[in-house]
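Engineer: Mind looking over this structure? Questions follow.
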Amino acid sequence: MERQCYQMHKLSKCDNSSVQELDYLFIAAGTAKRAYKVLDELEGIAIKNVVVIDFFERREGDKQYLQRYYSYNQRNFNFIKLDAYISNPTKLLKSIVEFGVKIASHENVGIDITSFSRPYIFSLLKYLQKAVGISSVNVFYSEPKSYVFKDGYCKTYKSSSGPIRIIELPSYTGHNINENERLLIVLLGFDGDLSKEISFEVSPKKTFLINGFPGYSPKFKDISLINNEILTSKLNNEVAYCRANNPFDTYNKLDELYNKQERSLFFNLAPIGPKPMVLGACLFALHNPSVRVVYPQPEKYLNEETSIDIWRSWHYKLPIKNEK
C-alpha cells in the first residue's frame, strides 16, 4: 500500500505478541485440519466472543465428518453460533444484530478467513467498514501445505460442481458511466473453469491476470497457469505475479493497474485466487468504490477437503477505512 506501512506477522503460540485483546473473532466452521488452527494459536489471547458461521451446505456428512466440523467446541471460548447459507452472505449480515452481536466502532474485531467463502469475506468487511465504522480489522489465515489433485493430475482440481452463475457481489457494483468498455482483472486460482466462465460473461476489451507465487511451493504458480490456459494462451492477456500470502502486495499491484489504465475502461475484478490475495483485492475494492467485483457462484460447493495439512498462520492488520 502506498504511503503506508503494512502490518503482517506470522502467528504462533510461542509468539502472538502482534495480537491485541479481541472483542469479537469471526470464524467459519469447517472440516479441514487448518479450519481451527488460528483458534489454537490464539488460545492465550483474551477473546471475549467467537462468532462461528455455521453453513447449512457444509453439514451433510457422517458422524465422523460432523465431529470434525464441530470440533471448535473443544476450545475454551465463548461461542456465538450463527446459521448461514454460503450462497446468501447478505442475509447473514442482517441477522448479526438479531443474534446479539452488537459491535461498536472502537472495538477490536478479528476475522479468520481460512474457511470463509470468498463472497463472505467481501460482505463481512464491507459491513464492518460501512455499518459499524471500524477503521481497521485483524485478519487471520492458515495456509495449506498442498492441495488435492485427484489421480495426481493438476487439471483434476475442483472446488465445486454443477453449473456456474456469474454474480455481481452486493455493494461492489462499481460505477460504469455510459456503459464503458470493460477491463477484467483475474486473480488466478487452480480451477480454470471459473476464470473461463467469468471472461465469457464480462466480455472485456482487455484482460489482465495476476498469479500467486507461494514461497513454500513455487510449482503452484505453474499449475494455476496450466489450469487457466484458455486465458493465458491469449497474447493480449498480460500476467503479473504477487506473493500469494501477502494481501498488500496484491493491493499495490491492483492500485498500479488502476492508475495506469484508460479511465474510459470499466474496472472489473474477479477474486478467485488464494485467499490472502482475495483479501488484498477486497481491501482495494473497499478503497475504490468505482470497481466492480464479480464472482463465479457454483450450483454446489464440494463437501470435501480441497487442501492438505497446514503450513503457517498469518496475522494481517487491515486498514479498511477509506482515506481517499
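Scheme for the C-alpha cells: letters A, B, ... for chains in order shown; per-chain residue numbers from 1; ligand numbers from 1 in order shown.
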Can you tell me which residues surround range 20-30 of chain A at a distance of at most 6 Å, considering only C-alpha atoms, apart from same-chain residues fewer than 4 positions away, and format the answer as a compact mmCIF listing (two decimals) with C-alpha atoms, in the first residue's frame?
Structural biologist:
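Writing the result to around01.txt gives the following:
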# COMPACT_ATOMS: atom_id res chain seq x y z
CA ALA A 35 -10.00 -24.78 9.94
CA ALA A 46 -8.24 -12.69 25.64
CA ILE A 47 -11.11 -13.09 23.16
CA LYS A 48 -14.50 -12.06 24.55
CA ASN A 49 -16.67 -13.62 21.83
CA VAL A 50 -16.03 -16.07 18.99
CA VAL A 51 -18.75 -15.82 16.32
CA VAL A 52 -18.97 -19.10 14.40
CA ILE A 53 -20.64 -19.07 10.99
CA ASP A 54 -22.28 -22.47 10.52
CA TYR A 69 -16.87 -29.99 11.66
CA ASN A 108 -11.17 -4.85 18.26
CA VAL A 109 -12.53 -7.30 15.70
CA GLY A 110 -10.82 -10.27 14.10
CA ILE A 111 -11.78 -12.48 11.14
CA ASP A 112 -10.24 -15.88 10.42
CA SER A 115 -12.84 -21.43 5.99
CA PHE A 116 -14.88 -18.49 4.71
Engineer: Using only C-alpha atoms, which residues sit within 10 Å of Phe122 in chain A once same-chain residues fewer than 3 positions away are excluded, as JSON, numbers by chain?
Structural biologist: {"A": [89, 117, 118, 119, 125, 126, 127, 169, 170, 171, 172, 278, 279, 281, 282, 283, 285, 286, 293]}
Engineer: For range 37-41 of chain A, list every protein, DNA or RNA residue within 8 Å, evaluated using only C-alpha atoms, and leave out those in the same chain fewer than 5 positions away; present the list as an MDAnalysis selection string.
Structural biologist: chainID A and resid 11:13 16 75 112 140:142 313
Engineer: For each of A:Tyr72, A:Tyr65, A:Phe267, A:Tyr6, take the minimum atom-to-atom distance to His315 in chain A, counting only C-alpha atoms, then give the residue where this is smallest.
Structural biologist: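 Distance minimum relative to His315 in chain A lands on A:Tyr6.
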Engineer: List as a PyMOL selection string the protein and nucleic acid residues near Leu254 in chain A, meaning an atom at most 12 Å away when only C-alpha atoms are counted, but skip any in the same chain fewer than 4 places from it.
Structural biologist: chain A and resi 1-2+184-187+208-210+240-242+247-250+258-261+267-271+277-278+280-285+287-288+291
Engineer: Which residue gives the smallest distance to Asn73 in chain A among A:Phe56, A:Tyr85, A:Phe213, A:Tyr36, with only C-alpha atoms counted?
Structural biologist: A:Tyr36
Engineer: Near Arg165 in chain A, counting only C-alpha atoms, which residues have an atom at most 10 Å away, once you skip same-chain residues fewer than 5 positions from it, shown as a list of chain:residue names?
Structural biologist: A:Leu194, A:Glu197, A:Ile198, A:Glu201, A:Tyr295, A:Pro296, A:Gln297, A:Pro298, A:Glu299
Engineer: Name the residues in contact with Asn88 in chain A at a cut-off of 10 Å, using only C-alpha atoms, excluding same-chain residues fewer than 3 positions from it; report them as a list in words.
Structural biologist: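 Everything that qualifies: Ala84, Tyr85, Lys91, Leu92, Leu93, Pro119, Tyr120 and Ser123 of chain A.
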Engineer: How would the residues just picked look written out with C-alpha atoms as a short mmCIF file (atom, residue, chain, number, x, y, z; two decimals), in the first residue's frame?
Structural biologist:
data_model
loop_
_atom_site.label_atom_id
_atom_site.label_comp_id
_atom_site.auth_asym_id
_atom_site.auth_seq_id
_atom_site.Cartn_x
_atom_site.Cartn_y
_atom_site.Cartn_z
CA ALA A 84 -25.97 -19.17 7.25
CA TYR A 85 -26.19 -20.16 3.60
CA LYS A 91 -28.88 -12.47 4.83
CA LEU A 92 -26.29 -13.30 7.48
CA LEU A 93 -25.28 -9.67 7.89
CA PRO A 119 -18.04 -13.53 -1.14
CA TYR A 120 -18.42 -13.69 2.65
CA SER A 123 -19.55 -8.83 2.61
#
Engineer: Tell me which protein, DNA and RNA residues are within 10 Å of Gln7 in chain A, counting only C-alpha atoms, leaving out same-chain ones fewer than 2 positions away, and put them as a list in words.
Structural biologist: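 Near neighbours after the sequence-gap exclusion: Gln4, Cys5, His9, Ser18, Asn138, Phe248, His315, Tyr316, Lys317, Leu318 and Pro319 of chain A.
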Engineer: Using only C-alpha atoms, pick whichever of A:Leu128, A:Ile310, A:Ala104, A:Ile45 has the shortest atom-to-atom distance to Asn76 in chain A.
Structural biologist: A:Ile45
